[in-house]
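**Q** The structure that follows is given in the form of structure tokens.
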Amino acid sequence: MEISASDYDRFKNLLERKSGILLGDSKQYLVSSRLANFLKESNISSLADLLDQIERPSNSQLLQKVIDRMTTNETLWFRDSYPFEYMKKTLIPEFSKKGSFKIWCAACSSGQEPFSLAMLLDESGTFHNGNIIATDLSSRILDKAEQGIYQDIELKRGLPQDKLKKYFDSVDSNNWQIKSKLRNKIRYQSMNLLNAPFNLGKFEIIFCRNVLIYFSQENKTKVLNGLIDSLKPGGYLFLGASESLTRDCKKMDMIRCNPGLVYQKPI
Ligand SMILES: C[S@@+](CC[C@H](N)C(=O)[O-])C[C@H]1O[C@@H](n2cnc3c(N)ncnc32)[C@H](O)[C@@H]1O
């Protein structure tokens, strides 16, 4: 698909305005590889035509479909290990002693992150103490998370064998579904992180990992301050391994988990 410089700029601006996702200066190939088939299937003749249609009032469904295709949903089970180790050894025991607690997985993708947390709660005998809400901007990926069906190849990415046996039912020769006990544990909701301040209540723990890398500095700060406001005093924020708070963020204490780190909201 040929994309002119001006159509690319128009698309890039729209995507950032609606999702925060910042495309580089010459990522035409990425737009083309992610949207060419969709345009063909939808009988849309060009990127300019797509933009004209999206900008018409009441065409939010088309925008959602484009966003679904432009998000990067790369994820895996127990990603980076250390957040889950720290949860298991320190935070789950600490918060369960006090009663019930709430975890928010912001930008949960296809569910591997919240399901990894649900498995930890189950294995620590505190299943009923922890409540998990998982949100994402992409409705397509949230549908997949809610279904909880994964191919063999997805299960090989970080899921220990014993957990496959314990928490999944076979669907067919190539697919497995996570057991309903864990599926029912998680409340999924569509949520755009750009819409800070958030109205989900206050949390003891927030995971917002590997999404802010796609945002501008300004949007990162806005989202991070919204997340910090959604934490209870003494609550914890996990970011991706290559992400950190920005200069203009509200004050948080940094705790080293060796490896990795987690931020705590001052009490
Ligand atoms: C790379 S995945 C990270 C998934 C998981 N947190 C992890 O670390 O494995 C990034 C996710 O962020 C979501 N996302 C992108 N922009 C978003 C926004 N503005 N609001 C909420 N989610 C967004 C994408 O749909 C995608 O599922």
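Chain labels run A, B, ... following the order of the structure tokens; each chain numbers its residues from 1, and ligands are numbered from 1 in the order shown.
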Could you pull out all residues of range 165-228 of chain A with a DSSP call of strand (DSSP E or B) and give them as a PyMOL selection string?

**A** chain A and resi 168-170+175-178+186-190+203-208

**Q** Write to file, as a CSV table (one decimal), in the first residue's frame, the residues of the selection just made, with N, CA and C atoms.

**A**
```
chain,number,residue,atom,x,y,z
A,168,PHE,N,-5.5,-25.4,33.1
A,168,PHE,CA,-6.0,-25.3,31.7
A,168,PHE,C,-6.8,-26.6,31.4
A,169,ASP,N,-7.8,-26.4,30.5
A,169,ASP,CA,-8.5,-27.6,30.0
A,169,ASP,C,-8.2,-27.6,28.5
A,170,SER,N,-8.0,-28.8,27.9
A,170,SER,CA,-7.7,-28.9,26.5
A,170,SER,C,-9.0,-28.7,25.7
A,175,ASN,N,-5.2,-26.1,21.2
A,175,ASN,CA,-5.7,-25.0,22.0
A,175,ASN,C,-6.1,-25.4,23.4
A,176,TRP,N,-5.9,-24.5,24.3
A,176,TRP,CA,-6.2,-24.8,25.7
A,176,TRP,C,-7.0,-23.6,26.3
A,177,GLN,N,-7.9,-23.9,27.2
A,177,GLN,CA,-8.7,-22.8,27.8
A,177,GLN,C,-8.4,-22.8,29.3
A,178,ILE,N,-8.2,-21.6,29.8
A,178,ILE,CA,-7.9,-21.4,31.2
A,178,ILE,C,-9.2,-21.7,32.0
A,186,ILE,N,-11.4,-12.5,37.2
A,186,ILE,CA,-11.0,-11.3,36.6
A,186,ILE,C,-12.1,-10.5,36.0
A,187,ARG,N,-12.2,-9.2,36.3
A,187,ARG,CA,-13.2,-8.4,35.7
A,187,ARG,C,-12.5,-7.6,34.6
A,188,TYR,N,-13.0,-7.8,33.4
A,188,TYR,CA,-12.4,-7.1,32.2
A,188,TYR,C,-13.2,-5.8,31.9
A,189,GLN,N,-12.5,-4.8,31.5
A,189,GLN,CA,-13.2,-3.5,31.1
A,189,GLN,C,-12.4,-2.8,30.1
A,190,SER,N,-13.1,-2.2,29.1
A,190,SER,CA,-12.3,-1.4,28.1
A,190,SER,C,-12.0,-0.1,28.7
A,203,PHE,N,-6.6,1.4,44.4
A,203,PHE,CA,-6.0,0.1,44.4
A,203,PHE,C,-4.8,-0.1,45.3
A,204,GLU,N,-4.6,-1.3,45.8
A,204,GLU,CA,-3.3,-1.6,46.5
A,204,GLU,C,-2.2,-1.7,45.6
A,205,ILE,N,-2.5,-2.3,44.4
A,205,ILE,CA,-1.4,-2.7,43.5
A,205,ILE,C,-1.9,-2.4,42.0
A,206,ILE,N,-1.0,-1.7,41.3
A,206,ILE,CA,-1.3,-1.5,39.8
A,206,ILE,C,-0.1,-2.1,39.0
A,207,PHE,N,-0.4,-2.8,38.0
A,207,PHE,CA,0.5,-3.3,37.0
A,207,PHE,C,0.2,-2.4,35.7
A,208,CYS,N,1.1,-1.7,35.2
A,208,CYS,CA,1.0,-1.0,33.9
A,208,CYS,C,2.3,-1.1,33.2
```

**Q** Sort by chain and increasing residue number a table of all residues of chain A within 7 Å of ligand 1, each with its closest pair of atoms and their distance in Å to one decimal, counting only C-alpha atoms and all ligand atoms, and write it as JSON lines.

**A**
```
{"residue": "A:Ser19", "atom": "CA", "partner": "ligand 1", "partner_atom_place_in_ligand_line": "19 (N)", "distance": 4.1}
{"residue": "A:Gly20", "atom": "CA", "partner": "ligand 1", "partner_atom_place_in_ligand_line": "19 (N)", "distance": 5.2}
{"residue": "A:Ile21", "atom": "CA", "partner": "ligand 1", "partner_atom_place_in_ligand_line": "16 (N)", "distance": 6.0}
{"residue": "A:Asp68", "atom": "CA", "partner": "ligand 1", "partner_atom_place_in_ligand_line": "25 (O)", "distance": 6.9}
{"residue": "A:Thr71", "atom": "CA", "partner": "ligand 1", "partner_atom_place_in_ligand_line": "25 (O)", "distance": 4.8}
{"residue": "A:Thr72", "atom": "CA", "partner": "ligand 1", "partner_atom_place_in_ligand_line": "1 (C)", "distance": 5.2}
{"residue": "A:Asn73", "atom": "CA", "partner": "ligand 1", "partner_atom_place_in_ligand_line": "27 (O)", "distance": 4.1}
{"residue": "A:Glu74", "atom": "CA", "partner": "ligand 1", "partner_atom_place_in_ligand_line": "1 (C)", "distance": 4.5}
{"residue": "A:Thr75", "atom": "CA", "partner": "ligand 1", "partner_atom_place_in_ligand_line": "9 (O)", "distance": 3.5}
{"residue": "A:Leu76", "atom": "CA", "partner": "ligand 1", "partner_atom_place_in_ligand_line": "9 (O)", "distance": 5.5}
{"residue": "A:Arg79", "atom": "CA", "partner": "ligand 1", "partner_atom_place_in_ligand_line": "9 (O)", "distance": 6.2}
{"residue": "A:Ala106", "atom": "CA", "partner": "ligand 1", "partner_atom_place_in_ligand_line": "21 (C)", "distance": 6.6}
{"residue": "A:Ala107", "atom": "CA", "partner": "ligand 1", "partner_atom_place_in_ligand_line": "22 (N)", "distance": 4.2}
{"residue": "A:Cys108", "atom": "CA", "partner": "ligand 1", "partner_atom_place_in_ligand_line": "6 (N)", "distance": 4.6}
{"residue": "A:Ser109", "atom": "CA", "partner": "ligand 1", "partner_atom_place_in_ligand_line": "27 (O)", "distance": 3.3}
{"residue": "A:Ser110", "atom": "CA", "partner": "ligand 1", "partner_atom_place_in_ligand_line": "27 (O)", "distance": 6.7}
{"residue": "A:Glu113", "atom": "CA", "partner": "ligand 1", "partner_atom_place_in_ligand_line": "5 (C)", "distance": 6.0}
{"residue": "A:Thr135", "atom": "CA", "partner": "ligand 1", "partner_atom_place_in_ligand_line": "21 (C)", "distance": 6.9}
{"residue": "A:Asp136", "atom": "CA", "partner": "ligand 1", "partner_atom_place_in_ligand_line": "22 (N)", "distance": 4.1}
{"residue": "A:Leu137", "atom": "CA", "partner": "ligand 1", "partner_atom_place_in_ligand_line": "21 (C)", "distance": 4.0}
{"residue": "A:Ser138", "atom": "CA", "partner": "ligand 1", "partner_atom_place_in_ligand_line": "25 (O)", "distance": 4.6}
{"residue": "A:Ile141", "atom": "CA", "partner": "ligand 1", "partner_atom_place_in_ligand_line": "27 (O)", "distance": 6.5}
{"residue": "A:Met191", "atom": "CA", "partner": "ligand 1", "partner_atom_place_in_ligand_line": "21 (C)", "distance": 5.7}
{"residue": "A:Asn192", "atom": "CA", "partner": "ligand 1", "partner_atom_place_in_ligand_line": "20 (N)", "distance": 3.6}
{"residue": "A:Leu193", "atom": "CA", "partner": "ligand 1", "partner_atom_place_in_ligand_line": "20 (N)", "distance": 3.8}
{"residue": "A:Leu194", "atom": "CA", "partner": "ligand 1", "partner_atom_place_in_ligand_line": "19 (N)", "distance": 5.3}
{"residue": "A:Cys208", "atom": "CA", "partner": "ligand 1", "partner_atom_place_in_ligand_line": "6 (N)", "distance": 5.9}
{"residue": "A:Arg209", "atom": "CA", "partner": "ligand 1", "partner_atom_place_in_ligand_line": "8 (O)", "distance": 4.2}
{"residue": "A:Asn210", "atom": "CA", "partner": "ligand 1", "partner_atom_place_in_ligand_line": "8 (O)", "distance": 4.6}
{"residue": "A:Val211", "atom": "CA", "partner": "ligand 1", "partner_atom_place_in_ligand_line": "10 (C)", "distance": 4.5}
{"residue": "A:Gly240", "atom": "CA", "partner": "ligand 1", "partner_atom_place_in_ligand_line": "8 (O)", "distance": 6.2}
```

**Q** For range 56-62 of chain A, work out the shell of residues within 12 Å, counting only C-alpha atoms and skipping chain neighbours fewer than 5 positions away, then give it as a PyMOL selection string.

**A** chain A and resi 18+38-39+42+44+49-51+67-69+138-140

**Q** Just give me the gap between CA of Lys144 in chain A and CA of Gln112 in chain A in Å, one decimal is fine.

**A** 10.5 Å

**Q** Could you please write out, as a PyMOL selection string, every residue of range 42-260 of chain A that DSSP assigns to alpha helix (DSSP H)?

**A** chain A and resi 47-55+60-70+82-86+92-98+112-123+139-147+152-155+161-167+180-183+217-229

**Q** Take the residues just selected and output them with C-alpha atoms as a compact mmCIF listing (two decimals), in the first residue's frame.

**A**
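Result written to out.txt:
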```txt
# COMPACT_ATOMS: atom_id res chain seq x y z
CA LEU A 47 -5.44 5.53 3.83
CA ALA A 48 -6.87 8.95 2.92
CA ASP A 49 -10.29 7.35 2.36
CA LEU A 50 -10.02 5.57 5.73
CA LEU A 51 -9.15 8.83 7.50
CA ASP A 52 -12.08 10.64 5.86
CA GLN A 53 -14.45 7.87 7.00
CA ILE A 54 -13.08 7.83 10.57
CA GLU A 55 -13.39 11.57 10.89
CA SER A 60 -16.29 5.17 16.31
CA GLN A 61 -16.53 1.48 15.34
CA LEU A 62 -14.21 1.98 12.40
CA LEU A 63 -11.72 3.81 14.62
CA GLN A 64 -11.86 0.95 17.15
CA LYS A 65 -11.07 -1.57 14.40
CA VAL A 66 -8.08 0.50 13.28
CA ILE A 67 -6.84 0.81 16.87
CA ASP A 68 -7.23 -2.96 17.31
CA ARG A 69 -4.87 -3.42 14.39
CA MET A 70 -2.36 -0.75 15.39
CA TYR A 82 10.63 -10.33 39.27
CA PRO A 83 7.23 -8.56 39.60
CA PHE A 84 5.62 -11.97 40.19
CA GLU A 85 8.34 -13.09 42.62
CA TYR A 86 7.89 -9.87 44.58
CA ILE A 92 0.42 -11.01 48.53
CA PRO A 93 1.34 -12.11 52.09
CA GLU A 94 1.46 -8.47 53.29
CA PHE A 95 -1.92 -7.45 51.87
CA SER A 96 -3.77 -10.72 52.58
CA LYS A 97 -2.92 -10.39 56.27
CA LYS A 98 -4.92 -7.15 56.29
CA GLN A 112 -1.42 -13.50 30.39
CA GLU A 113 -0.54 -10.87 33.02
CA PRO A 114 -3.79 -10.94 35.05
CA PHE A 115 -4.01 -14.75 34.77
CA SER A 116 -0.42 -15.06 36.03
CA LEU A 117 -1.48 -12.98 39.05
CA ALA A 118 -4.63 -15.08 39.57
CA MET A 119 -2.47 -18.24 39.61
CA LEU A 120 -0.23 -16.69 42.27
CA LEU A 121 -3.24 -15.81 44.42
CA ASP A 122 -4.54 -19.35 44.07
CA GLU A 123 -1.21 -20.94 44.93
CA SER A 139 -11.67 -4.53 22.31
CA ARG A 140 -10.42 -7.41 20.13
CA ILE A 141 -7.67 -8.29 22.60
CA LEU A 142 -10.04 -7.98 25.58
CA ASP A 143 -12.39 -10.49 23.92
CA LYS A 144 -9.49 -12.91 23.63
CA ALA A 145 -8.51 -12.37 27.28
CA GLU A 146 -12.08 -13.01 28.42
CA GLN A 147 -12.27 -16.24 26.43
CA ASP A 152 0.29 -24.25 22.29
CA ILE A 153 2.80 -21.72 21.01
CA GLU A 154 1.42 -19.00 23.33
CA LEU A 155 1.54 -21.33 26.31
CA GLN A 161 4.36 -27.11 32.72
CA ASP A 162 2.84 -27.77 36.16
CA LYS A 163 0.61 -24.70 35.77
CA LEU A 164 -0.55 -25.85 32.33
CA LYS A 165 -1.76 -29.11 33.89
CA LYS A 166 -3.32 -27.40 36.88
CA TYR A 167 -5.08 -24.42 35.31
CA SER A 180 -13.36 -20.95 34.75
CA LYS A 181 -12.25 -20.49 38.35
CA LEU A 182 -9.51 -18.15 37.10
CA ARG A 183 -11.55 -16.64 34.27
CA GLN A 217 6.78 12.08 27.47
CA GLU A 218 3.77 14.32 28.06
CA ASN A 219 1.22 11.49 27.80
CA LYS A 220 3.43 9.22 29.93
CA THR A 221 3.42 11.82 32.73
CA LYS A 222 -0.34 12.30 32.47
CA VAL A 223 -1.04 8.55 32.63
CA LEU A 224 1.49 7.92 35.40
CA ASN A 225 0.04 10.68 37.58
CA GLY A 226 -3.43 9.22 36.97
CA LEU A 227 -2.19 5.79 38.05
CA ILE A 228 -0.51 7.22 41.16
CA ASP A 229 -3.79 8.97 42.07
```

**Q** Within 9 Å of Ile3 in chain A, counting only C-alpha atoms, which residues qualify if same-chain residues fewer than 4 places away don't, as an mmCIF file with N, CA and C atoms, in the first residue's frame?

**A**
```cif
data_model
loop_
_atom_site.group_PDB
_atom_site.id
_atom_site.type_symbol
_atom_site.label_atom_id
_atom_site.label_comp_id
_atom_site.auth_asym_id
_atom_site.auth_seq_id
_atom_site.Cartn_x
_atom_site.Cartn_y
_atom_site.Cartn_z
ATOM 1 N N ASP A 7 -0.597 11.918 4.076
ATOM 2 C CA ASP A 7 -1.563 10.960 4.653
ATOM 3 C C ASP A 7 -0.962 10.284 5.888
ATOM 4 N N TYR A 8 0.355 9.991 5.794
ATOM 5 C CA TYR A 8 1.013 9.355 6.935
ATOM 6 C C TYR A 8 0.961 10.279 8.156
ATOM 7 N N GLN A 28 5.848 4.157 7.724
ATOM 8 C CA GLN A 28 4.799 3.857 6.740
ATOM 9 C C GLN A 28 4.635 2.355 6.567
ATOM 10 N N TYR A 29 5.786 1.625 6.593
ATOM 11 C CA TYR A 29 5.725 0.176 6.349
ATOM 12 C C TYR A 29 4.874 -0.512 7.425
ATOM 13 N N VAL A 31 2.323 0.826 9.167
ATOM 14 C CA VAL A 31 0.908 1.124 8.902
ATOM 15 C C VAL A 31 0.434 0.248 7.758
ATOM 16 N N SER A 32 1.256 0.179 6.731
ATOM 17 C CA SER A 32 0.887 -0.599 5.560
ATOM 18 C C SER A 32 0.730 -2.080 5.920
ATOM 19 N N SER A 46 -8.040 3.667 0.165
ATOM 20 C CA SER A 46 -6.712 4.205 0.514
ATOM 21 C C SER A 46 -6.715 4.659 1.967
ATOM 22 N N LEU A 47 -5.534 5.013 2.457
ATOM 23 C CA LEU A 47 -5.443 5.526 3.826
ATOM 24 C C LEU A 47 -6.214 6.848 3.937
ATOM 25 N N ALA A 48 -6.145 7.662 2.900
ATOM 26 C CA ALA A 48 -6.867 8.949 2.922
ATOM 27 C C ALA A 48 -8.369 8.699 3.051
#
```

**Q** Rounded to one decimal, what separation in Å do you get between CA of Tyr263 in chain A and CA of Ala134 in chain A?

**A**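 Atom-to-atom, CA of Tyr263 in chain A and CA of Ala134 in chain A are spaced 19.6 Å apart.
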